[in-house]
file data.json (JSON, C-alpha atoms and all ligand atoms)
[["chain", "number", "residue", "atom", "x", "y", "z"],
["Z", 1, "MET", "CA", 14.12, 5.03, 82.82],
["Z", 2, "ALA", "CA", 16.65, 3.89, 80.23],
["Z", 3, "GLU", "CA", 18.88, 0.97, 81.03],
["Z", 4, "PRO", "CA", 21.11, -1.27, 78.95],
["Z", 5, "LEU", "CA", 19.75, -4.66, 77.99],
["Z", 6, "SER", "CA", 20.55, -7.24, 80.65],
["Z", 7, "PRO", "CA", 22.63, -10.25, 79.58],
["Z", 8, "GLU", "CA", 19.48, -12.40, 79.68],
["Z", 9, "GLU", "CA", 17.49, -9.94, 77.56],
["Z", 10, "SER", "CA", 20.36, -9.65, 75.07],
["Z", 11, "ALA", "CA", 20.72, -13.42, 74.79],
["Z", 12, "THR", "CA", 16.98, -13.90, 74.34],
["Z", 13, "LEU", "CA", 16.76, -11.24, 71.62],
["Z", 14, "ALA", "CA", 19.84, -12.60, 69.85],
["Z", 15, "ALA", "CA", 18.32, -16.08, 69.78],
["Z", 16, "LEU", "CA", 14.92, -14.84, 68.58],
["Z", 17, "LEU", "CA", 16.49, -12.66, 65.86],
["Z", 18, "ALA", "CA", 18.97, -15.25, 64.56],
["Z", 19, "GLY", "CA", 18.95, -16.42, 60.97],
["Z", 20, "SER", "CA", 19.03, -14.97, 57.49],
["Z", 21, "ASP", "CA", 15.60, -13.33, 57.42],
["Z", 22, "PRO", "CA", 16.20, -9.66, 56.45],
["Z", 23, "VAL", "CA", 13.71, -8.26, 58.96],
["Z", 24, "ARG", "CA", 15.30, -10.21, 61.79],
["Z", 25, "GLY", "CA", 18.73, -9.20, 60.54],
["Z", 26, "ALA", "CA", 17.84, -5.51, 60.61],
["Z", 27, "LEU", "CA", 16.35, -5.84, 64.10],
["Z", 28, "ARG", "CA", 19.46, -7.72, 65.23],
["Z", 29, "GLY", "CA", 21.53, -4.77, 64.01],
["Z", 30, "GLN", "CA", 19.56, -2.49, 66.32],
["Z", 31, "LEU", "CA", 20.52, -4.40, 69.48],
["Z", 32, "PRO", "CA", 23.68, -2.35, 70.23],
["Z", 33, "HIS", "CA", 21.50, 0.78, 70.13],
["Z", 34, "THR", "CA", 18.59, -0.58, 72.17],
["Z", 35, "ARG", "CA", 17.73, 0.41, 75.74],
["Z", 36, "VAL", "CA", 15.12, -0.80, 78.20],
["Z", 37, "VAL", "CA", 12.66, 2.03, 78.82],
["Z", 38, "GLY", "CA", 9.85, 0.31, 80.70],
["Z", 39, "ARG", "CA", 8.79, -2.83, 82.49],
["Z", 40, "CYS", "CA", 5.53, -4.71, 82.76],
["Z", 41, "GLY", "CA", 3.47, -3.92, 85.83],
["Z", 42, "CYS", "CA", 2.42, -7.52, 86.48],
["Z", 43, "GLY", "CA", 5.80, -8.67, 87.75],
["Z", 44, "CYS", "CA", 6.89, -10.55, 84.65],
["Z", 45, "VAL", "CA", 10.15, -9.88, 82.81],
["Z", 46, "THR", "CA", 8.55, -8.25, 79.75],
["Z", 47, "VAL", "CA", 10.40, -5.07, 78.80],
["Z", 48, "ASP", "CA", 9.62, -2.04, 76.67],
["Z", 49, "LEU", "CA", 12.46, -1.16, 74.33],
["Z", 50, "ALA", "CA", 13.62, 1.97, 72.54],
["Z", 51, "VAL", "CA", 16.19, 2.17, 69.76],
["Z", 52, "ASP", "CA", 18.38, 5.16, 69.00],
["Z", 53, "ARG", "CA", 16.87, 5.84, 65.59],
["Z", 54, "THR", "CA", 19.75, 8.06, 64.54],
["Z", 55, "ALA", "CA", 22.16, 5.12, 64.96],
["Z", 56, "ALA", "CA", 20.28, 2.17, 63.43],
["Z", 57, "ALA", "CA", 18.18, 1.60, 60.34],
["Z", 58, "PRO", "CA", 14.57, 0.37, 60.59],
["Z", 59, "ALA", "CA", 13.57, -3.07, 59.39],
["Z", 60, "THR", "CA", 11.60, -3.14, 56.18],
["Z", 61, "ALA", "CA", 7.82, -3.41, 56.36],
["Z", 62, "HIS", "CA", 6.59, -6.39, 58.36],
["Z", 63, "VAL", "CA", 3.82, -7.37, 60.71],
["Z", 64, "SER", "CA", 4.36, -6.88, 64.44],
["Z", 65, "PRO", "CA", 5.10, -9.10, 66.32],
["Z", 66, "ALA", "CA", 8.13, -9.69, 64.13],
["Z", 67, "VAL", "CA", 8.81, -12.90, 66.04],
["Z", 68, "ASP", "CA", 6.33, -15.12, 67.87],
["Z", 69, "ALA", "CA", 7.82, -18.22, 69.46],
["Z", 70, "THR", "CA", 7.40, -20.59, 72.37],
["Z", 71, "TYR", "CA", 9.64, -22.13, 74.97],
["Z", 72, "GLY", "CA", 9.65, -25.83, 75.54],
["Z", 73, "GLY", "CA", 11.46, -27.28, 78.49],
["Z", 74, "PRO", "CA", 10.57, -26.57, 82.10],
["Z", 75, "ASP", "CA", 9.24, -23.02, 81.63],
["Z", 76, "PHE", "CA", 6.62, -23.38, 78.93],
["Z", 77, "ALA", "CA", 5.77, -19.88, 77.78],
["Z", 78, "GLY", "CA", 5.31, -17.72, 74.73],
["Z", 79, "VAL", "CA", 7.65, -14.96, 73.71],
["Z", 80, "MET", "CA", 7.21, -12.17, 71.17],
["Z", 81, "VAL", "CA", 9.34, -9.41, 69.67],
["Z", 82, "LEU", "CA", 7.17, -6.38, 68.91],
["Z", 83, "THR", "CA", 8.16, -3.47, 66.73],
["Z", 84, "ASP", "CA", 7.08, 0.08, 66.05],
["Z", 85, "GLU", "CA", 7.83, 1.63, 62.63],
["Z", 86, "GLY", "CA", 10.51, -0.98, 62.03],
["Z", 87, "TYR", "CA", 12.23, -0.60, 65.39],
["Z", 88, "LEU", "CA", 12.28, -2.91, 68.39],
["Z", 89, "SER", "CA", 9.63, -1.78, 70.87],
["Z", 90, "ARG", "CA", 8.91, -4.67, 73.25],
["Z", 91, "LEU", "CA", 10.18, -8.08, 74.28],
["Z", 92, "GLU", "CA", 7.18, -9.82, 75.74],
["Z", 93, "ILE", "CA", 6.89, -13.12, 77.55],
["Z", 94, "TYR", "CA", 3.56, -14.61, 78.52],
["Z", 95, "SER", "CA", 2.55, -17.62, 80.50],
["Z", 96, "ILE", "CA", -0.36, -19.97, 79.98],
["Z", 97, "SER", "CA", -0.75, -20.11, 83.76],
["Z", 98, "ASP", "CA", -1.80, -17.25, 86.04],
["Z", 99, "GLU", "CA", 1.70, -16.82, 87.43],
["Z", 100, "PRO", "CA", 3.86, -14.14, 85.82],
["Z", 101, "ILE", "CA", 7.23, -15.34, 84.51],
["Z", 102, "THR", "CA", 9.86, -13.65, 86.61],
["Z", 103, "ARG", "CA", 13.04, -14.73, 84.84],
["Z", 104, "TRP", "CA", 14.02, -15.35, 81.24],
["Z", 105, "PRO", "CA", 14.15, -19.06, 80.36],
["Z", 106, "GLU", "CA", 17.38, -20.21, 78.75],
["Z", 107, "PRO", "CA", 17.38, -19.33, 75.03],
["Z", 108, "ARG", "CA", 18.17, -22.95, 74.14],
["Z", 109, "PHE", "CA", 14.58, -23.84, 75.08],
["Z", 110, "ILE", "CA", 13.14, -21.58, 72.38],
["Z", 111, "GLY", "CA", 11.58, -23.97, 69.95],
["I", 201, "ZN", "ZN", 3.70, -8.80, 82.77]]

call {"tool": "encode", "arguments": {"input": "data.json", "output": "structure tokens"}}
result
Amino acid sequence: MAEPLSPEESATLAALLAGSDPVRGALRGQLPHTRVVGRCGCGCVTVDLAVDRTAAAPATAHVSPAVDATYGGPDFAGVMVLTDEGYLSRLEIYSISDEPITRWPEPRFIG
């Protein structure tokens, strides 16, 4: 499979990659060239990502996950941006409960 990012996935990634950090900036520049290539089997909204590496530059060396954040608000959860060789590879959400998270919380709750 290879699908465009959904509006919710795009908004979540844009919020997580905001700011002046050069690694986040490079990853943000990859978003127009990023496709969804897989989904988590548990029912949650985690997606595997692939970037057209001929169209976008990799981020400089960094530790993956490049971003590790949490949501406050009504849907407390963790969210991570994982990379492979400087390219976006996974947008992962995880719950502290047993229930998979089946929709992206609003980016404004990222805290
Ligand atoms: Zn899952």

call {"tool": "residues_around", "arguments": {"input": "data.json", "residues": "Z:Ala55", "least_positions_apart": "5", "cutoff": "10 Å", "atoms": "all atoms listed in the file", "output": "PyMOL selection string"}}
result
chain Z and resi 29-30+32-34

call {"tool": "residues_near_point", "arguments": {"input": "data.json", "point": "(18.5, -1.9, 78.5)", "cutoff": "10 Å", "atoms": "all atoms listed in the file", "output": "list in words"}}
result
Met1, Ala2, Glu3, Pro4, Leu5, Ser6, Pro7, Glu9, Ser10, Leu31, Pro32, His33, Thr34, Arg35, Val36, Val37, Gly38, Val47, Asp48, Leu49, Ala50 and Val51 of chain Z

call {"tool": "closest_atom_pairs", "arguments": {"input": "data.json", "of": "chain Z", "to": "ligand ZN 201 (chain I)", "cutoff": "7 Å", "atoms": "all atoms listed in the file", "output": "Markdown table"}}
result
| residue | atom | partner | partner_atom | distance |
| --- | --- | --- | --- | --- |
| Z:Cys40 | CA | I:ZN201 | ZN | 4.5 |
| Z:Gly41 | CA | I:ZN201 | ZN | 5.8 |
| Z:Cys42 | CA | I:ZN201 | ZN | 4.1 |
| Z:Gly43 | CA | I:ZN201 | ZN | 5.4 |
| Z:Cys44 | CA | I:ZN201 | ZN | 4.1 |
| Z:Val45 | CA | I:ZN201 | ZN | 6.5 |
| Z:Thr46 | CA | I:ZN201 | ZN | 5.7 |
| Z:Pro100 | CA | I:ZN201 | ZN | 6.2 |

call {"tool": "residues_around", "arguments": {"input": "data.json", "residues": "Z:Leu17", "least_positions_apart": "4", "cutoff": "12 Å", "atoms": "all atoms listed in the file", "output": "PDB file with C-alpha atoms, keeping the file's coordinate frame"}}
result
ATOM      1  CA  SER Z  10      20.360  -9.650  75.070  1.00  0.00           C
ATOM      2  CA  ALA Z  11      20.720 -13.420  74.790  1.00  0.00           C
ATOM      3  CA  THR Z  12      16.980 -13.900  74.340  1.00  0.00           C
ATOM      4  CA  LEU Z  13      16.760 -11.240  71.620  1.00  0.00           C
ATOM      5  CA  ASP Z  21      15.600 -13.330  57.420  1.00  0.00           C
ATOM      6  CA  PRO Z  22      16.200  -9.660  56.450  1.00  0.00           C
ATOM      7  CA  VAL Z  23      13.710  -8.260  58.960  1.00  0.00           C
ATOM      8  CA  ARG Z  24      15.300 -10.210  61.790  1.00  0.00           C
ATOM      9  CA  GLY Z  25      18.730  -9.200  60.540  1.00  0.00           C
ATOM     10  CA  ALA Z  26      17.840  -5.510  60.610  1.00  0.00           C
ATOM     11  CA  LEU Z  27      16.350  -5.840  64.100  1.00  0.00           C
ATOM     12  CA  ARG Z  28      19.460  -7.720  65.230  1.00  0.00           C
ATOM     13  CA  GLY Z  29      21.530  -4.770  64.010  1.00  0.00           C
ATOM     14  CA  GLN Z  30      19.560  -2.490  66.320  1.00  0.00           C
ATOM     15  CA  LEU Z  31      20.520  -4.400  69.480  1.00  0.00           C
ATOM     16  CA  ALA Z  59      13.570  -3.070  59.390  1.00  0.00           C
ATOM     17  CA  PRO Z  65       5.100  -9.100  66.320  1.00  0.00           C
ATOM     18  CA  ALA Z  66       8.130  -9.690  64.130  1.00  0.00           C
ATOM     19  CA  VAL Z  67       8.810 -12.900  66.040  1.00  0.00           C
ATOM     20  CA  ASP Z  68       6.330 -15.120  67.870  1.00  0.00           C
ATOM     21  CA  ALA Z  69       7.820 -18.220  69.460  1.00  0.00           C
ATOM     22  CA  MET Z  80       7.210 -12.170  71.170  1.00  0.00           C
ATOM     23  CA  VAL Z  81       9.340  -9.410  69.670  1.00  0.00           C
ATOM     24  CA  LEU Z  82       7.170  -6.380  68.910  1.00  0.00           C
ATOM     25  CA  LEU Z  88      12.280  -2.910  68.390  1.00  0.00           C
ATOM     26  CA  LEU Z  91      10.180  -8.080  74.280  1.00  0.00           C
ATOM     27  CA  PRO Z 107      17.380 -19.330  75.030  1.00  0.00           C
ATOM     28  CA  ILE Z 110      13.140 -21.580  72.380  1.00  0.00           C
TER      29      ILE Z 110
END

call {"tool": "atom_distance", "arguments": {"input": "data.json", "atom1": "atom CA of Z:Glu8", "atom2": "atom CA of Z:His62"}}
result
25.6 Å

call {"tool": "atom_distance", "arguments": {"input": "data.json", "atom1": "atom CA of Z:Gly78", "atom2": "atom CA of Z:Glu99"}}
result
13.2 Å

call {"tool": "atom_distance", "arguments": {"input": "data.json", "atom1": "atom CA of Z:Gly86", "atom2": "atom CA of Z:Thr70"}}
result
22.4 Å

call {"tool": "residues_around", "arguments": {"input": "data.json", "residues": "Z:Gly73", "least_positions_apart": "6", "cutoff": "10 Å", "atoms": "all atoms listed in the file", "output": "list in words"}}
result
Pro105, Glu106, Arg108, Phe109, Ile110 and Gly111 of chain Z

call {"tool": "write_last_selection", "arguments": {"input": "data.json", "atoms": "C-alpha atoms", "output": "PDB file, in the frame of the given file"}}
result
ATOM      1  CA  PRO Z 105      14.150 -19.060  80.360  1.00  0.00           C
ATOM      2  CA  GLU Z 106      17.380 -20.210  78.750  1.00  0.00           C
ATOM      3  CA  ARG Z 108      18.170 -22.950  74.140  1.00  0.00           C
ATOM      4  CA  PHE Z 109      14.580 -23.840  75.080  1.00  0.00           C
ATOM      5  CA  ILE Z 110      13.140 -21.580  72.380  1.00  0.00           C
ATOM      6  CA  GLY Z 111      11.580 -23.970  69.950  1.00  0.00           C
TER       7      GLY Z 111
END

call {"tool": "closest_residue", "arguments": {"input": "data.json", "among": "Z:Tyr71, Z:Pro58, Z:Gly19, Z:Ser95", "to": "Z:Thr83", "atoms": "only C-alpha atoms"}}
result
Z:Pro58

call {"tool": "closest_residue", "arguments": {"input": "data.json", "among": "Z:Arg39, Z:Arg53, Z:Thr60, Z:Gly72", "to": "Z:Thr102", "atoms": "all atoms listed in the file"}}
result
Z:Arg39

call {"tool": "closest_residue", "arguments": {"input": "data.json", "among": "Z:Ala18, Z:Ser89, Z:Asp98, Z:Arg103", "to": "Z:Ser64", "atoms": "only C-alpha atoms"}}
result
Z:Ser89

call {"tool": "decode", "arguments": {"input": "data.json", "residues": "stretch 71-94 of chain Z", "atoms": "N, CA and C atoms", "output": "PDB file, in the first residue's frame"}}
result
ATOM      1  N   TYR Z  71       0.300  13.453  24.877  1.00  0.00           N
ATOM      2  CA  TYR Z  71      -0.925  14.238  24.806  1.00  0.00           C
ATOM      3  C   TYR Z  71      -1.461  14.427  26.218  1.00  0.00           C
ATOM      4  N   GLY Z  72      -1.868  15.625  26.528  1.00  0.00           N
ATOM      5  CA  GLY Z  72      -2.699  15.837  27.694  1.00  0.00           C
ATOM      6  C   GLY Z  72      -4.146  15.768  27.239  1.00  0.00           C
ATOM      7  N   GLY Z  73      -5.005  16.429  27.951  1.00  0.00           N
ATOM      8  CA  GLY Z  73      -6.397  16.469  27.524  1.00  0.00           C
ATOM      9  C   GLY Z  73      -7.078  15.131  27.712  1.00  0.00           C
ATOM     10  N   PRO Z  74      -8.154  14.908  26.964  1.00  0.00           N
ATOM     11  CA  PRO Z  74      -9.010  13.741  27.228  1.00  0.00           C
ATOM     12  C   PRO Z  74      -8.449  12.422  26.730  1.00  0.00           C
ATOM     13  N   ASP Z  75      -7.439  12.450  25.863  1.00  0.00           N
ATOM     14  CA  ASP Z  75      -6.923  11.219  25.262  1.00  0.00           C
ATOM     15  C   ASP Z  75      -5.469  11.018  25.657  1.00  0.00           C
ATOM     16  N   PHE Z  76      -5.191  10.877  26.939  1.00  0.00           N
ATOM     17  CA  PHE Z  76      -3.791  10.802  27.333  1.00  0.00           C
ATOM     18  C   PHE Z  76      -3.104   9.651  26.610  1.00  0.00           C
ATOM     19  N   ALA Z  77      -2.011   9.977  25.940  1.00  0.00           N
ATOM     20  CA  ALA Z  77      -1.293   8.974  25.159  1.00  0.00           C
ATOM     21  C   ALA Z  77       0.093   9.512  24.852  1.00  0.00           C
ATOM     22  N   GLY Z  78       0.964   8.615  24.430  1.00  0.00           N
ATOM     23  CA  GLY Z  78       2.270   9.013  23.958  1.00  0.00           C
ATOM     24  C   GLY Z  78       2.315   8.955  22.449  1.00  0.00           C
ATOM     25  N   VAL Z  79       3.189   9.762  21.885  1.00  0.00           N
ATOM     26  CA  VAL Z  79       3.315   9.787  20.428  1.00  0.00           C
ATOM     27  C   VAL Z  79       4.796   9.954  20.081  1.00  0.00           C
ATOM     28  N   MET Z  80       5.242   9.229  19.075  1.00  0.00           N
ATOM     29  CA  MET Z  80       6.648   9.275  18.677  1.00  0.00           C
ATOM     30  C   MET Z  80       6.770   9.372  17.164  1.00  0.00           C
ATOM     31  N   VAL Z  81       7.810  10.094  16.727  1.00  0.00           N
ATOM     32  CA  VAL Z  81       8.182  10.129  15.316  1.00  0.00           C
ATOM     33  C   VAL Z  81       9.484   9.349  15.185  1.00  0.00           C
ATOM     34  N   LEU Z  82       9.438   8.231  14.471  1.00  0.00           N
ATOM     35  CA  LEU Z  82      10.625   7.409  14.284  1.00  0.00           C
ATOM     36  C   LEU Z  82      11.203   7.646  12.895  1.00  0.00           C
ATOM     37  N   THR Z  83      12.518   7.459  12.807  1.00  0.00           N
ATOM     38  CA  THR Z  83      13.197   7.693  11.541  1.00  0.00           C
ATOM     39  C   THR Z  83      14.114   6.526  11.202  1.00  0.00           C
ATOM     40  N   ASP Z  84      14.451   6.450   9.934  1.00  0.00           N
ATOM     41  CA  ASP Z  84      15.383   5.448   9.432  1.00  0.00           C
ATOM     42  C   ASP Z  84      16.341   6.161   8.485  1.00  0.00           C
ATOM     43  N   GLU Z  85      17.628   6.182   8.834  1.00  0.00           N
ATOM     44  CA  GLU Z  85      18.648   6.835   8.011  1.00  0.00           C
ATOM     45  C   GLU Z  85      18.283   8.282   7.695  1.00  0.00           C
ATOM     46  N   GLY Z  86      17.669   8.957   8.670  1.00  0.00           N
ATOM     47  CA  GLY Z  86      17.362  10.367   8.497  1.00  0.00           C
ATOM     48  C   GLY Z  86      16.034  10.665   7.834  1.00  0.00           C
ATOM     49  N   TYR Z  87      15.271   9.623   7.557  1.00  0.00           N
ATOM     50  CA  TYR Z  87      13.967   9.804   6.907  1.00  0.00           C
ATOM     51  C   TYR Z  87      12.847   9.313   7.824  1.00  0.00           C
ATOM     52  N   LEU Z  88      11.716   9.988   7.716  1.00  0.00           N
ATOM     53  CA  LEU Z  88      10.537   9.577   8.476  1.00  0.00           C
ATOM     54  C   LEU Z  88      10.211   8.117   8.187  1.00  0.00           C
ATOM     55  N   SER Z  89       9.966   7.326   9.237  1.00  0.00           N
ATOM     56  CA  SER Z  89       9.650   5.915   9.004  1.00  0.00           C
ATOM     57  C   SER Z  89       8.402   5.453   9.752  1.00  0.00           C
ATOM     58  N   ARG Z  90       7.986   6.186  10.785  1.00  0.00           N
ATOM     59  CA  ARG Z  90       6.824   5.717  11.551  1.00  0.00           C
ATOM     60  C   ARG Z  90       6.301   6.851  12.418  1.00  0.00           C
ATOM     61  N   LEU Z  91       4.996   6.972  12.465  1.00  0.00           N
ATOM     62  CA  LEU Z  91       4.316   7.861  13.400  1.00  0.00           C
ATOM     63  C   LEU Z  91       3.533   6.959  14.334  1.00  0.00           C
ATOM     64  N   GLU Z  92       3.984   6.891  15.571  1.00  0.00           N
ATOM     65  CA  GLU Z  92       3.468   5.884  16.492  1.00  0.00           C
ATOM     66  C   GLU Z  92       2.760   6.528  17.666  1.00  0.00           C
ATOM     67  N   ILE Z  93       1.573   6.039  17.958  1.00  0.00           N
ATOM     68  CA  ILE Z  93       0.845   6.476  19.143  1.00  0.00           C
ATOM     69  C   ILE Z  93       0.691   5.272  20.055  1.00  0.00           C
ATOM     70  N   TYR Z  94       0.794   5.501  21.349  1.00  0.00           N
ATOM     71  CA  TYR Z  94       0.621   4.380  22.271  1.00  0.00           C
ATOM     72  C   TYR Z  94      -0.156   4.853  23.484  1.00  0.00           C
TER      73      TYR Z  94
END
